[in-house]
Every structure is written in structure tokens, then in C-alpha cells.
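Student: Here it is, the structure in full.
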Protein chains: 2
Amino acid sequence: MTLGERQGDEKNDSKYCGVETEFNDDMPLLLSLNIHGGFDFVVAPLMDPAYRPSLLVSSNGGSGVLPFVGSDLVLSPSQWSSHVVGKISSWLDLDSEDEMVRRDSEITLKQEIAWASHLSLQACLLPAPKGVTCANYARCVNQILQNLSNMQLWLRIPLEKSDDDDDGGRSPNSMGEEHRDSWEMWNSFRTLSEHHSQLSVALDVLSSLPSVNSLARWFGEPVRAAIINSNSFLTNARGYPCLSKRHQNLVTQFFNHSIQIVLSGQQMRNLPTGTSGSNSHNNNNQSEVIEGMQRHPLRSYLDYIAYLYQKMDPLPEQERFELGYRDYLQSPLQPLMDNLEAQTYETFEKDTTKYIQYQRAVAKALVDRVPDEQASTITTVLMVVGAGRGPLVRASLQAAEETGRKLKVYAVEKNPNAIVTLHSLVKIEGWEKIVTIVSSDMRCWDAPEKADILVSELLGSFGDNELSPECLDGAQRFLKEDGISIPSSYTSFFQPVTASRLYNDIKSHKDLLHFETAYVVKLHRVARLTSPQPVFTFNHPEDLTKKSNHRYKKLRFEMPTDTGSALVHGFAGYFDSVLYKDVHLGIEPSTATPNMFSWFPIFFPLRTPMCVQPGVPIEVHIWRCCGTSKVWYEWGVTSPSSSPIHNCNGRSYWVGL
Amino acid sequence: MTLGERQGDEKNDSKYCGVETEFNDDMPLLLSLNIHGGFDFVVAPLMDPAYRPSLLVSSNGGSGVLPFVGSDLVLSPSQWSSHVVGKISSWLDLDSEDEMVRRDSEITLKQEIAWASHLSLQACLLPAPKGVTCANYARCVNQILQNLSNMQLWLRIPLEKSDDDDDGGRSPNSMGEEHRDSWEMWNSFRTLSEHHSQLSVALDVLSSLPSVNSLARWFGEPVRAAIINSNSFLTNARGYPCLSKRHQNLVTQFFNHSIQIVLSGQQMRNLPTGTSGSNSHNNNNQSEVIEGMQRHPLRSYLDYIAYLYQKMDPLPEQERFELGYRDYLQSPLQPLMDNLEAQTYETFEKDTTKYIQYQRAVAKALVDRVPDEQASTITTVLMVVGAGRGPLVRASLQAAEETGRKLKVYAVEKNPNAIVTLHSLVKIEGWEKIVTIVSSDMRCWDAPEKADILVSELLGSFGDNELSPECLDGAQRFLKEDGISIPSSYTSFFQPVTASRLYNDIKSHKDLLHFETAYVVKLHRVARLTSPQPVFTFNHPEDLTKKSNHRYKKLRFEMPTDTGSALVHGFAGYFDSVLYKDVHLGIEPSTATPNMFSWFPIFFPLRTPMCVQPGVPIEVHIWRCCGTSKVWYEWGVTSPSSSPIHNCNGRSYWVGL
């Protein structure tokens, strides 16, 4: 029936809510009760929980009919696949010390998964590992994953972490005894299973929650579902179930990350009953009137979850625009080597925020350069280098108009296709006397005069990664000694992240090249493990005799100690740029320019994800290397342990000069 | 001139001894002095140590002639490549905080290596990393390694480790400050450089040595040279240099691992001088009489090293036989699927020790089964299953003769080619009345009677890895209820090892398959990090109704705490077998049967080597999995961190049934 609709986010899977059920031989009845009760799918056992292969052998061993719930014919194929998640028998204990239990568990696991595959279920819920180790469980699941069609396996993991975390630099193996962090169990399991893309997590949300930092880790993990037991709910003044503030926030975050809610457990006693009782949260009464059927015991819980779903703000416009790009890896542009296409110009020119910032910067520079009393006599020479189809020319002219300064503009552009548009723009706007169009690469243009102001927008997601430094070094020849460059500086930023989804996408290419490439990507299912730190800064203009654009930076990140351990799949990169004085532009999260969409973050992957224990710093090294025909980055980690140096000699990823 | 010859080990490179020299413009003179002084090669600077690229630019920047030692023409190409190891300028500091020093170092390093390549030197000695980090150094070396022809780079590493190791579970990153272990620097460097096969170690041996366990780690690392400074020597009663007992043992181990010695430093004062002084250790006086040349200042040190070389025992015969197999990876035999070749039978039949053990076991079993007083009346039925060309038939008959028991022998063999030899053997030996030859697979042979004793030798290096359990399960049908199986049991063993050479050989295949295969290999350049532990045991005969040959074992190894950190490249496997009662046979190092050469150890690699900190256990899981047509192992590590499960579903390595 869905939890509701959220404006701008209609395709979000988390509007479907499930319910965990007991074993029931009559699957059609079970499904019908729960679907009519308002749920979209059931998480239901597929096999009689009393079944044990070893008992079968000794008793009859004859018929060969396994005690599955019904046959495949009791539901239609689409009912099975749309409305049923298989719940693997919860008695399974694949790491039991008892070999008989272990063998029974292995056999049953294989049989149930085989049956679920036969039914084409979309997913199965695997029971939580029982002990402190899970190696045999992981091995069996790993074997199964190798031959599994499309089915997802959701490993149930209780969302718990003990809070006594003053064991900073403890040995990495002391898990289980003195402290418990279920994330470590998951991490071991998925590492043993080679980060298989069909293995994901169903979090069991308990009544008490770990710290916010510790919860945040999970949003970089492949969490598909969150199972909330009715006993994690509180009761409001009117006797209805509700959740604590922290639980509410968590559920909202689940919705925002397309994680489906599954309700579980029994109806609490003392809850208002009866089919006609109206729920304080739910405005939608239609669902209440189901004739002749008993109200679902978890209905008030479902209504509350629906209420949380519906009370979310509509998705902001920018988020809506970027929805399709979430976690989608793109290779960075090569604007120097390649000429941009019209469509690309079209997209970026729509980013009005950006041009407003440029206009503000130019205006301030003009006012600083030309006092009011000389406004009518002095003509400032402004050169737009990399003029494209003209948006910075327009912004500059508007700044001149706004400040009453006189301008002479050179629009320098190397792309002959953009030059065509520029000429037509100048004609249409009647700028012929002010604007001179120059069809040339700024690095070799022989300028007829020197500029007061050099305006450029050559920034990539990582600041210097589209070779702004090299281009502006070339253009500086025709900037006056006391001239102004807009931007006057830019700085890149780095931040360690958990990003299992990006990792799996990169891994699917099965080559080194993709692991040594930086990607432009709208980060969404990502956990940011620390604050970002600055990496490289470039200033313009600069003393070129001393200058090299080679850079090396060592960064040391410390995670909040209450995060627990976490897996680093790579580093998110951002930039911030000072256009002029206090006018800046950037995407570094803490200072990001609002409503700007020209830049997504950049992502530098690690070939092998690195597990970081609490209290142990993450030390990363980044180099910006310059050759005769290309610029590239190399990167590597030296703590908690050393990684290989990535992208040696720019073998996998580089930007052409 | 070489340190001498060791019988059976004539090709050992460590007989060549080098000397580290100061910068000297006159390379021919330098070489001649040192070669005539008794050394085989020099480790000599290639460039004026006063050179700094940054100074050059500011002073003249003109001539473009770098201050290298001489030109390539001052020595012949073969002199350069046989007698000179390039010593890279020791002032280089690629991780200096001072950017100028760093840039100078980077440029000089590249220039010197390029020059050494031009000269086709076999190796260059890289200076030891200066600080606590080496990331930029490693990055530069890594860049160089990508395009290096055949030259080896020896990274100089001081052999030191502080002994205050009560910091058991400390955080992995606390290197440098409170404790110092130069191995960690090396480990970081080579990990950053992707374990490149041309990067190796030159150990600087200091006057005090770390613990034996800590030293042992290095024998699994690619150590090419050991540099011993004269000030690490002691002075004996007669005033000549000598080494402490521990240093002597270490030098002998270097010799045994083909590690070359390089002498360094100044002659100590008070040493007896003069060209005619006879050295107490050296019997070879020829080298003393070099007319007209001054005696080399380090000559008495060299003589002492030569003395140590010459006083080694000759290589034992078994070691000589196995010399060519050292660290050479072989795929295990598939004796069940494939038929062995005559050459293979020939080799294994020469292992007399093995057959003597079998004869002893059969003799004991015969005496147990048949009391002396019935020796002439009772005929024991003995079946050799997997008779091959007959060595176990012979051993059994000899046991019968030795004990005076009567025997009826069935020789069961599936290889029709071996059957031919068996027939001829029986004829030649006149065994026709005692021995019945059966050409059949033991698993399907329909025996005419049941056996008292079943003799087999189906063991692999890992015990059960040539499917002895499956074969003997098949043969057990025709063993009497109270019959005896020889062997009566066998157990496999596992041991974590450092084995960088094996790792690099496997890595060179650039595929997953080779990393998920177990290899038979004569382990030599390997560090055994703990004692071995038992894995799987199989007993024969066994109650077959309950039996499965599937096995799972979890092992937990603890390294001695004074080892320091170490890298685990994989696990050495062995077996021990109880043939009958106290007669055993095996290759587990602590109980290995002496002078037996039928089995080398087996090696199970890890896809990613795992660094283990002191105090942190190594936890490994091994499965023996049985399918309908194959048997295979899976293995994985869960501490210090989790590895992937190796060889899932036997995808890379299996033994056919």
C-alpha cells in the first residue's frame, strides 16, 4: 500500500514497508492478511523450523519432500517475487562447536536458498551470526553467492555497539569479549565473502541506539532494510506507539538512503485495539476500513512509520535534479584535451549561483581598482580566459554596469565551436565595441595589451584537477604586475569515506585502471568518517620563477573515538576557491556555496579498502605530479597500514596538457 | 677472488664478497685496489656527494654535465656489471620536511639510477630512509621501478629493533616514537612499492643484534646483501678482527641463504699491519703476496669472513639433491586422475628410508597378528593398494621374511603401465606363488577374499591431499573387521610463514588462480613464524556409516613476542603419519623422518600478505570440501584482520576423484 509519497522522490524504494512473520504453512493466507493489513511485503520463513537434516536421515530419509512452506504454485510468480522475502531459518548456527549442528545448518541453508531461487524471490534474510566468529557461515554464503542468480542476501545484523570505548589502541582482534561492535562482525563477514555485491545488510534496530557517529558508518554500507521490533517503540500519551527522537531521526535517514523498514514482533499490550480506532498520526482513514478483516496487530506501528515518511519535507529542487546522479561514477572532464559539447555548456551555464558569485567578485575588483571619481575615465582591461559560450563575459559586463565602471573585454577561447556561439552572442547583445573575441589557447596567445583583471573558471571538483594552474601560468604573461586574477586562489580537500557501493562499482570492472582513477560523483550512500582537510592550494598570480605545480601533502585524520571501527574505501575530494577577497565559491561541505550544481565531489578509491580501528589515525599521502604532456595524482595510505602507491606514473588516470 | 668453495654448494652467490667505498673520481684505480685487495665487487658512489641540483641551477646551469664518477668508458661493460654496485648518494632525504631538499633528492635519485642503468649495473644500493616515514621515497622508487630494466635496487635497512616489547596490543601506527623496528620501515616501503620483485634489502649489521626471533623474520624477505661495518667486529687475543658468536651464526645463516657480505668502514686502530702478517684464521697464504701493493685496510676483516665461509660443513647430500628445487613452486600431483610416469616412480622408489619405515610397520603388524607359535600355519592376507611398480610389495615380503610369517599378497594398481612392470618384477623375483597382481582401481575392485593388512602409500605433502581418505574408504570394503591399515592415521600441519619470494613468483602470474593454489615446494628463503599446529586427522579403518571426509579446522597461532611484526605470505603445510603403532613417517619439522626426500612441504598462499603485530594472534580457517567429482581446500584468515575465503567452491585448485 506504500507509506505514502514524497514529492520529488517518488521512486524511493523505502516507501515500501515489510513485516516479519512467523512460520505459517498457509502462505496465501499469511500474505493476504499482511497485505490487507497495510504492508507491502512479508519476510516469511520458507521452511518448517522443526526441520533438521540429521533427524530426517535417521527417521525415514525416504520421501525426499522437504518441509517447505506450500509449493511454488500456492502463489503466482509475481506474488512470490514482489511480496515475499525469504526468511532463512533462524536456528541455523554455522559456526557452532557442535559439528552436527554445523552440518545441519550448512545443508539447510543450501536447501532454503535453492528453494528461494526456485521461487525467484528478490531477497532472503539470513539470520544474524550467533557467536563471535562467522568464518564458516561466511564461507558457506560465499559458496552460495558464486552461483546465485539475482537474489540479494540480507545478512541480519543487530545495530549495537558497546560504548566503553576507552580502549583506543587495542589490538584489532579483541572483538567479542570485552566490547561488542556488530559492525566488526559484518566487516569480517563481507571481507571473507569478497565484498560480494549481492550480500547486503538488514539492520536490527534495538530499543537503545549506539552513538550518532557509530550509526553514521552504516550509511556507507550496503544496508537494504532496517528491522524494527515493536518493543523498540515507546507509547505516547494517547496510548499509541511512537519512537524516540533519536529513533525518528534514524528512520528518516533510512528513508533518505532508500533503506526499507520491516516491522517485527508482537503488538504491545495496553495498546488501543479495534478496527475503527483512529490513529493520532495518520490523516488517511481509508486504510482503516477493511471490511470483515481483523485489524493487523502491528497496524498502529505501521501507521506511525507512514506518518514519519509523510512528514518529511519534499525533496529540495537541487536534490531532485541530482537524484539520477547519486553514486553514479563519472570520469572527470578533460576540458583541455577535449572540446566541450554544446550540451555540456548548456548544463553548466544554468548554474546561476556560480555566475552571481563571479559577478560579485568582478564588481568588487573593479571598485577596488578604479575609484569612483575615475569611473568614467579609466577603462579596465578584463580578459576572460576560457570564455566558453560567454557566461563569464556576461557576468563581467553586468558587474561593470552595476558598478558604473568602464570595461574592455577580451574573450579568449580555444574551442572553435564555442567561438561560433560567442560571435553570435556579441552580435545579439550589441557588445561589439566592448568585447574582442580571441580564438586561441590562452597558453600561447600573443596578447596585444596586458590585463587588469583575468577572469577564469577552469576549476574541477578537486580544484586544480582540470589544470587551472597550468592554464593560468600561461595566461599570467598578459596580466599586469599588479593585476588581479579571479579566482585568486583555490584549495582542494580530502576526506576518508566508507562507500561500499562505489567500491563495488569500481571492482566490477575487474582491472587496476578503475581502482586508480578519480571519479566525479554525487556522493549519497557514503559515510564521511572525519572532517575534510585541505590538500593543495594554488595562488594567482604567482612568482613563476620559483613556482612548480608539483605538490605533495601528507594528511592525518582522526575519527571520533565513538565511531568504532570503520572501513575506508577511499577519499572524497572537494575544493574551495577564493574568487576575490571575501567572495568564495566551493563545494567543501562545511562552506559549500548553496544551490550550486556545477560540481559534484570527486572520489579517489583505494584498491583495497582499509579497516581503521578507533584511536588509530588515517595517514594518507597525495602527490600532484607534472610531466611534459600530462598531470596526474598519485596517492597512498601509510596508516593504519600501508597501501600500494596508486596510479604510479599516471599509468591509469591523468589529465592531458 | 671469492671467499672459498663449499662442497656441494658451488653456485652459492654468497661466496662473493663486496666492499663499500668512499667517493673516488678514479674508478679504475678504486676498482683495482679493491679487487687486488681480495674483494669481488665494490659498492661505490656514482656521483660527487657535493652535487645538489638546486645549487647547479643558480650557479651556472650551463654545461649540463653531471658530476658522475668518470664516464662509461673508464671501465669495460663487463667490469661495470660484474664488479660495481652503484651506491646512491647517502645525503638523499626524500621525506625531508624541507621541500628544497626533497626536490634535490628526487632529481638526484632519478639521475643516478638513470646513469647506473646506462652502465648496466646489476644493482644499486639505496640509502636507508632517514625519518619515521618513507612515503615519498617509496613513491619515487616505485616510479623508477616501473621502467627499470633488470637492475636490482637494494634498500639499505639498519638491522635494529628495540627490545622493550611489552607493548603487546599497541596500535599499529605507533612506530618510530617509543619503539623502533626497522622491519616496519621496510614493510611500509615495499608495500607502497607493491612488493616489486626488483626491490630488495641490504641489511646494515650493527654491533648489537636484535633477538634471534626478530632476526629470523628477515630470512623470508628478499635480502640480497648484508653490510658489516668494521666497528661491529671484536678483536681477538692476537689482535685480529673477529665477530661475536651471535654475529658468526648470523653470517653463516646469510651464507646459507645466498646473501652476500659487504664490508664497510675503516680499519680499526691497533690492528696488526703490514703486507706479510699472517692471519690466524686463513690457511690460504697466496692472497697475501701481492707485490708492490699496499695491503687492503679491510683485508683482515675479509680474511675472517672467508674463514667463516670455509669452516661451514659441506652441504649434506639430501640438501645437495634438493638444491635445484629450493623455493621452486610445483603443482601437487594428481595421482588419482593422472597416471604417474616411469620417471616419477623411479625418483620416489629411491627413497629407501620410506620403505624401511613401511617394512618396520608391516613387520610389527605381522608379529602382532600372528603369534610366533602359529607363524608357520597362518598365512596373512596383505593387500598393497596403489602398488605402483612394487616397492611396497617388496617391503612387505621383506617384513614377512624378517619375522618368519607367511604372506599372501595382492598388489592392486590402477595404472596399466605400472602393471607391466609389476608383472615383470614378480617374474624376476619368483614371487608368482605369493603375489597376485590386480589391475583395478581399489575403489571398485571386487576382492575374492578379505585382507588382514592393507598397505598403502597415498599420502601427499599435506597428508590427505592426494585423496588417501577417499581411496582407503573404497578399499576398506575388503579389509577384515579387525584388519590393520598401514598407515593407521595421518595428520596435516599448518604454519604461518614469511615467503616474499614465493609470493612474488605467484604474483607474477597476475591471476587469481595462482593465489588460490597450494604448491609443493622445498621451502628455503622462508621465515617460519610459529610452531606448526595439527589440522586434519584421518584414521583407518573408520566407521564408514558416520564418516565424512569433509573437515573444518580453526587454528590460532601466536608469534613469540620478541619477533616484532612480521608479514604472513601464507602457510606451510606438512604431514605426519602413523604407519603402525610407534612407526611413523612424516615431514612435520619437529618430528620429520630423517633422510627422506619423497615429500617437500606444501604452501598455501594468501592473496594479500597480512602484517601481524606482536601480541596479536593469527587466526586461520581451513576446510576440506568434498564434491561428487573433486576434493578441494578453502582457507581464510580472520585475525589480525579478515581475508577473503580462498578457492571458493574449488574454483582455482582441486584434486579430481
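Following the order of the C-alpha cells, chains are lettered A, B, ..., residues in each are numbered from 1, and ligands are numbered from 1.
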Pick out the chain A residues within 8 Å of chain B. Count only C-alpha atoms. Give them as a ChimeraX atom specification.
Tutor: /A:135,139,142-143,169-173,188,191-194,616-617,621,636,638-645,648-649
Student: Could you name the residues that touch Pro541 in chain A at 8 Å or less, counting only C-alpha atoms, but leaving out those on the same chain fewer than 6 positions away, as a list of chain:residue names?
Tutor: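 Near neighbours after the sequence-gap exclusion: A:Asp473, A:Gln476, A:Gly483, A:Ile484, A:Ser485, A:Ser488.
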Student: Could the residues in this selection be saved with N, CA, C and O atoms as a short mmCIF file (atom, residue, chain, number, x, y, z; two decimals), in the first residue's frame?
Tutor:
data_model
loop_
_atom_site.label_atom_id
_atom_site.label_comp_id
_atom_site.auth_asym_id
_atom_site.auth_seq_id
_atom_site.Cartn_x
_atom_site.Cartn_y
_atom_site.Cartn_z
N ASP A 473 49.10 29.83 -15.38
CA ASP A 473 50.52 30.16 -15.50
C ASP A 473 50.79 30.70 -16.90
O ASP A 473 51.57 31.64 -17.09
N GLN A 476 49.24 34.23 -17.28
CA GLN A 476 49.80 35.27 -16.41
C GLN A 476 50.72 36.21 -17.18
O GLN A 476 50.93 37.35 -16.77
N GLY A 483 48.04 43.17 -11.49
CA GLY A 483 46.71 42.73 -11.92
C GLY A 483 46.08 41.73 -10.96
O GLY A 483 46.75 41.19 -10.08
N ILE A 484 44.80 41.52 -11.20
CA ILE A 484 44.02 40.64 -10.31
C ILE A 484 43.59 39.41 -11.09
O ILE A 484 43.11 39.51 -12.22
N SER A 485 43.78 38.26 -10.46
CA SER A 485 43.21 37.03 -11.03
C SER A 485 41.98 36.65 -10.24
O SER A 485 41.99 36.64 -9.01
N SER A 488 41.48 34.12 -7.18
CA SER A 488 42.82 34.44 -6.72
C SER A 488 43.50 33.25 -6.06
O SER A 488 44.70 33.21 -5.94
#
Student: Could you pull out the alpha helix (DSSP H) residues of range 39-206 of chain A from DSSP and send them as a ChimeraX atom specification?
Tutor: /A:53-59,77-83,99-118,135-146,182-192
Student: In Å to one decimal, how far is CA of Leu579 in chain B from CA of Lys414 in chain B?
Tutor: 22.6 Å
Student: Using DSSP secondary structure from the backbone, list all strand (DSSP E or B) positions within range 162-386 of chain B, as an MDAnalysis selection string.
Tutor: chainID B and resid 175 179 181 199:205 223:229 234:235 241:242 260:264 326 330 379:385
Student: Could you state the separation of CA of Arg556 in chain B and CA of Gln495 in chain B in Å, given to one decimal place?
Tutor: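 Spanning CA of Arg556 in chain B to CA of Gln495 in chain B is a straight-line distance of 10.2 Å.
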Student: List as a ChimeraX atom specification the protein and nucleic acid residues near Glu457 in chain B, meaning an atom at most 9 Å away when only C-alpha atoms are counted, but skip any in the same chain fewer than 4 places from it.
Tutor: /B:384-387,392,468,486-487
Student: Just write the chosen residues, N, CA and C atoms, as an mmCIF file, in the first residue's frame.
Tutor:
data_model
loop_
_atom_site.group_PDB
_atom_site.id
_atom_site.type_symbol
_atom_site.label_atom_id
_atom_site.label_comp_id
_atom_site.auth_asym_id
_atom_site.auth_seq_id
_atom_site.Cartn_x
_atom_site.Cartn_y
_atom_site.Cartn_z
ATOM 1 N N VAL B 384 48.407 -54.687 -1.017
ATOM 2 C CA VAL B 384 49.021 -53.385 -1.265
ATOM 3 C C VAL B 384 48.123 -52.660 -2.250
ATOM 4 N N VAL B 385 47.502 -51.578 -1.796
ATOM 5 C CA VAL B 385 46.588 -50.850 -2.706
ATOM 6 C C VAL B 385 47.323 -49.600 -3.187
ATOM 7 N N GLY B 386 47.417 -49.468 -4.489
ATOM 8 C CA GLY B 386 48.300 -48.474 -5.092
ATOM 9 C C GLY B 386 49.709 -49.037 -5.086
ATOM 10 N N ALA B 387 49.868 -50.197 -5.729
ATOM 11 C CA ALA B 387 51.154 -50.903 -5.632
ATOM 12 C C ALA B 387 52.231 -50.272 -6.496
ATOM 13 N N LEU B 392 56.352 -51.354 -2.266
ATOM 14 C CA LEU B 392 55.703 -51.726 -1.006
ATOM 15 C C LEU B 392 55.466 -53.233 -0.944
ATOM 16 N N SER B 468 44.035 -39.875 -0.196
ATOM 17 C CA SER B 468 44.156 -41.119 0.540
ATOM 18 C C SER B 468 42.855 -41.476 1.276
ATOM 19 N N ILE B 486 47.827 -49.890 7.179
ATOM 20 C CA ILE B 486 49.118 -49.207 7.274
ATOM 21 C C ILE B 486 49.166 -48.209 6.134
ATOM 22 N N PRO B 487 49.098 -46.925 6.351
ATOM 23 C CA PRO B 487 49.115 -46.221 7.632
ATOM 24 C C PRO B 487 47.797 -46.343 8.389
#
Student: Near Gln198 in chain A, counting only C-alpha atoms, which residues have an atom at most 12 Å away, once you skip same-chain residues fewer than 6 positions from it, shown as a ChimeraX atom specification?
Tutor: /A:122-124,141-142,144-155,190,222-224,500-501,504
Student: What is the CA of Pro601 in chain A to CA of Arg624 in chain A distance in Å?
Tutor: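 Atom-to-atom, CA of Pro601 in chain A to CA of Arg624 in chain A, that is 17.8 Å.
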Student: Contacts of range 311-320 of chain A at 6 Å or less, counting only C-alpha atoms, minus same-chain residues fewer than 6 places along, as a list in words?
Tutor: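 That gives Arg6, Gln7 and Gly8 of chain A.
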Student: Based on the selection just made, write C-alpha atoms of those residues as a PDB file, in the first residue's frame.
Tutor:
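And here's selection_35.pdb as it stands now:
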ATOM      1  CA  ARG A   6       7.296  12.193  -1.009  1.00  0.00           C
ATOM      2  CA  GLN A   7       7.343  14.976  -3.502  1.00  0.00           C
ATOM      3  CA  GLY A   8      10.297  14.722  -5.828  1.00  0.00           C
TER       4      GLY A   8
END
Student: Can you pull out the residues contacting Ala499 in chain B? Cut-off 12 Å, using only C-alpha atoms, and skip same-chain residues under 2 positions away; I want them as a ChimeraX atom specification.
Tutor: /B:195,216-223,327-329,495-497,501-506,521-529,566-572,603-606,609-610
Student: Would you export the selected residues with C-alpha atoms as an mmCIF file, in the first residue's frame, please?
Tutor:
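In the end it all went to again09.cif:
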data_model
loop_
_atom_site.group_PDB
_atom_site.id
_atom_site.type_symbol
_atom_site.label_atom_id
_atom_site.label_comp_id
_atom_site.auth_asym_id
_atom_site.auth_seq_id
_atom_site.Cartn_x
_atom_site.Cartn_y
_atom_site.Cartn_z
ATOM 1 C CA HIS B 195 56.196 -5.756 -3.486
ATOM 2 C CA ALA B 216 64.672 -14.881 11.691
ATOM 3 C CA ARG B 217 61.961 -12.751 10.028
ATOM 4 C CA TRP B 218 64.481 -11.469 7.542
ATOM 5 C CA PHE B 219 65.135 -14.871 6.013
ATOM 6 C CA GLY B 220 61.707 -14.759 4.433
ATOM 7 C CA GLU B 221 62.428 -11.310 2.999
ATOM 8 C CA PRO B 222 64.329 -10.539 -0.219
ATOM 9 C CA VAL B 223 67.630 -9.759 1.496
ATOM 10 C CA ASP B 327 61.676 -22.232 -3.453
ATOM 11 C CA TYR B 328 60.560 -23.695 -6.753
ATOM 12 C CA LEU B 329 56.767 -23.939 -6.825
ATOM 13 C CA GLN B 495 52.426 -22.967 9.965
ATOM 14 C CA PRO B 496 52.408 -19.238 9.079
ATOM 15 C CA VAL B 497 55.447 -18.142 7.083
ATOM 16 C CA ARG B 501 59.993 -14.945 -2.930
ATOM 17 C CA LEU B 502 57.148 -17.429 -3.274
ATOM 18 C CA TYR B 503 54.694 -14.549 -3.114
ATOM 19 C CA ASN B 504 56.421 -12.747 -5.957
ATOM 20 C CA ASP B 505 56.546 -15.879 -8.091
ATOM 21 C CA ILE B 506 52.833 -16.386 -7.608
ATOM 22 C CA VAL B 521 57.851 -26.566 -2.655
ATOM 23 C CA LYS B 522 61.207 -27.047 -0.980
ATOM 24 C CA LEU B 523 60.983 -24.098 1.395
ATOM 25 C CA HIS B 524 64.255 -22.265 1.707
ATOM 26 C CA ARG B 525 64.082 -18.471 1.816
ATOM 27 C CA VAL B 526 61.263 -18.602 4.273
ATOM 28 C CA ALA B 527 60.751 -17.445 7.842
ATOM 29 C CA ARG B 528 58.722 -19.849 9.957
ATOM 30 C CA LEU B 529 56.890 -17.556 12.356
ATOM 31 C CA ALA B 566 56.034 -9.828 10.505
ATOM 32 C CA LEU B 567 54.359 -10.352 7.163
ATOM 33 C CA VAL B 568 52.477 -13.590 6.572
ATOM 34 C CA HIS B 569 52.537 -14.556 2.901
ATOM 35 C CA GLY B 570 50.812 -17.848 3.516
ATOM 36 C CA PHE B 571 51.035 -21.137 5.322
ATOM 37 C CA ALA B 572 53.465 -24.009 5.079
ATOM 38 C CA PHE B 603 52.454 -23.912 0.574
ATOM 39 C CA PHE B 604 49.026 -22.283 0.806
ATOM 40 C CA PRO B 605 49.376 -18.641 -0.258
ATOM 41 C CA LEU B 606 47.380 -15.625 0.833
ATOM 42 C CA PRO B 609 50.047 -10.773 2.602
ATOM 43 C CA MET B 610 48.986 -9.910 6.122
#
Student: Near Ser32 in chain B, within 12 Å and counting only C-alpha atoms, which residues show up once chain neighbours fewer than 4 positions away are dropped, as an mmCIF file with N, CA, C and O atoms, in the first residue's frame?
Tutor:
data_model
loop_
_atom_site.group_PDB
_atom_site.id
_atom_site.type_symbol
_atom_site.label_atom_id
_atom_site.label_comp_id
_atom_site.auth_asym_id
_atom_site.auth_seq_id
_atom_site.Cartn_x
_atom_site.Cartn_y
_atom_site.Cartn_z
ATOM 1 N N ASP B 26 88.544 8.412 -9.491
ATOM 2 C CA ASP B 26 89.298 7.496 -10.356
ATOM 3 C C ASP B 26 88.772 6.064 -10.165
ATOM 4 O O ASP B 26 89.290 5.286 -9.375
ATOM 5 N N MET B 27 87.729 5.770 -10.892
ATOM 6 C CA MET B 27 87.062 4.480 -10.729
ATOM 7 C C MET B 27 87.978 3.296 -11.053
ATOM 8 O O MET B 27 87.982 2.307 -10.310
ATOM 9 N N PRO B 28 88.775 3.359 -12.152
ATOM 10 C CA PRO B 28 89.661 2.216 -12.430
ATOM 11 C C PRO B 28 90.616 1.936 -11.269
ATOM 12 O O PRO B 28 90.808 0.781 -10.883
ATOM 13 N N HIS B 36 92.245 -6.212 -6.158
ATOM 14 C CA HIS B 36 93.521 -6.781 -5.738
ATOM 15 C C HIS B 36 93.580 -6.967 -4.231
ATOM 16 O O HIS B 36 94.296 -7.827 -3.726
ATOM 17 N N GLY B 37 92.812 -6.167 -3.530
ATOM 18 C CA GLY B 37 92.739 -6.327 -2.077
ATOM 19 C C GLY B 37 91.957 -7.560 -1.665
ATOM 20 O O GLY B 37 91.822 -7.834 -0.476
ATOM 21 N N GLY B 38 91.362 -8.256 -2.640
ATOM 22 C CA GLY B 38 90.707 -9.510 -2.311
ATOM 23 C C GLY B 38 89.194 -9.496 -2.430
ATOM 24 O O GLY B 38 88.537 -10.515 -2.256
ATOM 25 N N PHE B 39 88.635 -8.334 -2.727
ATOM 26 C CA PHE B 39 87.171 -8.265 -2.816
ATOM 27 C C PHE B 39 86.701 -8.586 -4.228
ATOM 28 O O PHE B 39 87.454 -8.445 -5.201
ATOM 29 N N ASP B 40 85.439 -9.010 -4.330
ATOM 30 C CA ASP B 40 84.905 -9.368 -5.641
ATOM 31 C C ASP B 40 84.180 -8.214 -6.309
ATOM 32 O O ASP B 40 84.037 -8.196 -7.515
ATOM 33 N N PHE B 41 83.684 -7.303 -5.481
ATOM 34 C CA PHE B 41 82.999 -6.149 -6.066
ATOM 35 C C PHE B 41 83.042 -4.972 -5.109
ATOM 36 O O PHE B 41 83.291 -5.155 -3.907
ATOM 37 N N VAL B 42 82.837 -3.788 -5.668
ATOM 38 C CA VAL B 42 82.769 -2.589 -4.834
ATOM 39 C C VAL B 42 81.343 -2.033 -4.845
ATOM 40 O O VAL B 42 80.614 -2.190 -5.823
ATOM 41 N N LEU B 75 85.653 2.025 -17.534
ATOM 42 C CA LEU B 75 85.704 0.583 -17.286
ATOM 43 C C LEU B 75 85.041 -0.126 -18.461
ATOM 44 O O LEU B 75 84.232 0.471 -19.187
ATOM 45 N N GLN B 79 83.245 -5.065 -16.614
ATOM 46 C CA GLN B 79 83.732 -4.609 -15.307
ATOM 47 C C GLN B 79 82.629 -3.888 -14.545
ATOM 48 O O GLN B 79 82.400 -4.136 -13.368
ATOM 49 N N HIS B 83 81.540 -5.975 -11.310
ATOM 50 C CA HIS B 83 82.324 -5.571 -10.139
ATOM 51 C C HIS B 83 81.846 -4.291 -9.447
ATOM 52 O O HIS B 83 82.443 -3.901 -8.457
ATOM 53 N N VAL B 84 80.814 -3.667 -9.991
ATOM 54 C CA VAL B 84 80.388 -2.413 -9.375
ATOM 55 C C VAL B 84 78.903 -2.450 -9.026
ATOM 56 O O VAL B 84 78.057 -2.716 -9.891
ATOM 57 N N MET B 293 101.878 -3.782 -3.837
ATOM 58 C CA MET B 293 100.654 -3.081 -3.497
ATOM 59 C C MET B 293 100.466 -3.101 -1.991
ATOM 60 O O MET B 293 100.761 -4.094 -1.319
ATOM 61 N N GLN B 294 99.883 -2.021 -1.502
ATOM 62 C CA GLN B 294 99.650 -1.982 -0.071
ATOM 63 C C GLN B 294 98.514 -2.943 0.289
ATOM 64 O O GLN B 294 97.572 -3.129 -0.482
ATOM 65 N N HIS B 296 95.182 -4.212 1.670
ATOM 66 C CA HIS B 296 93.886 -3.526 1.803
ATOM 67 C C HIS B 296 93.564 -3.336 3.285
ATOM 68 O O HIS B 296 93.718 -4.270 4.082
#
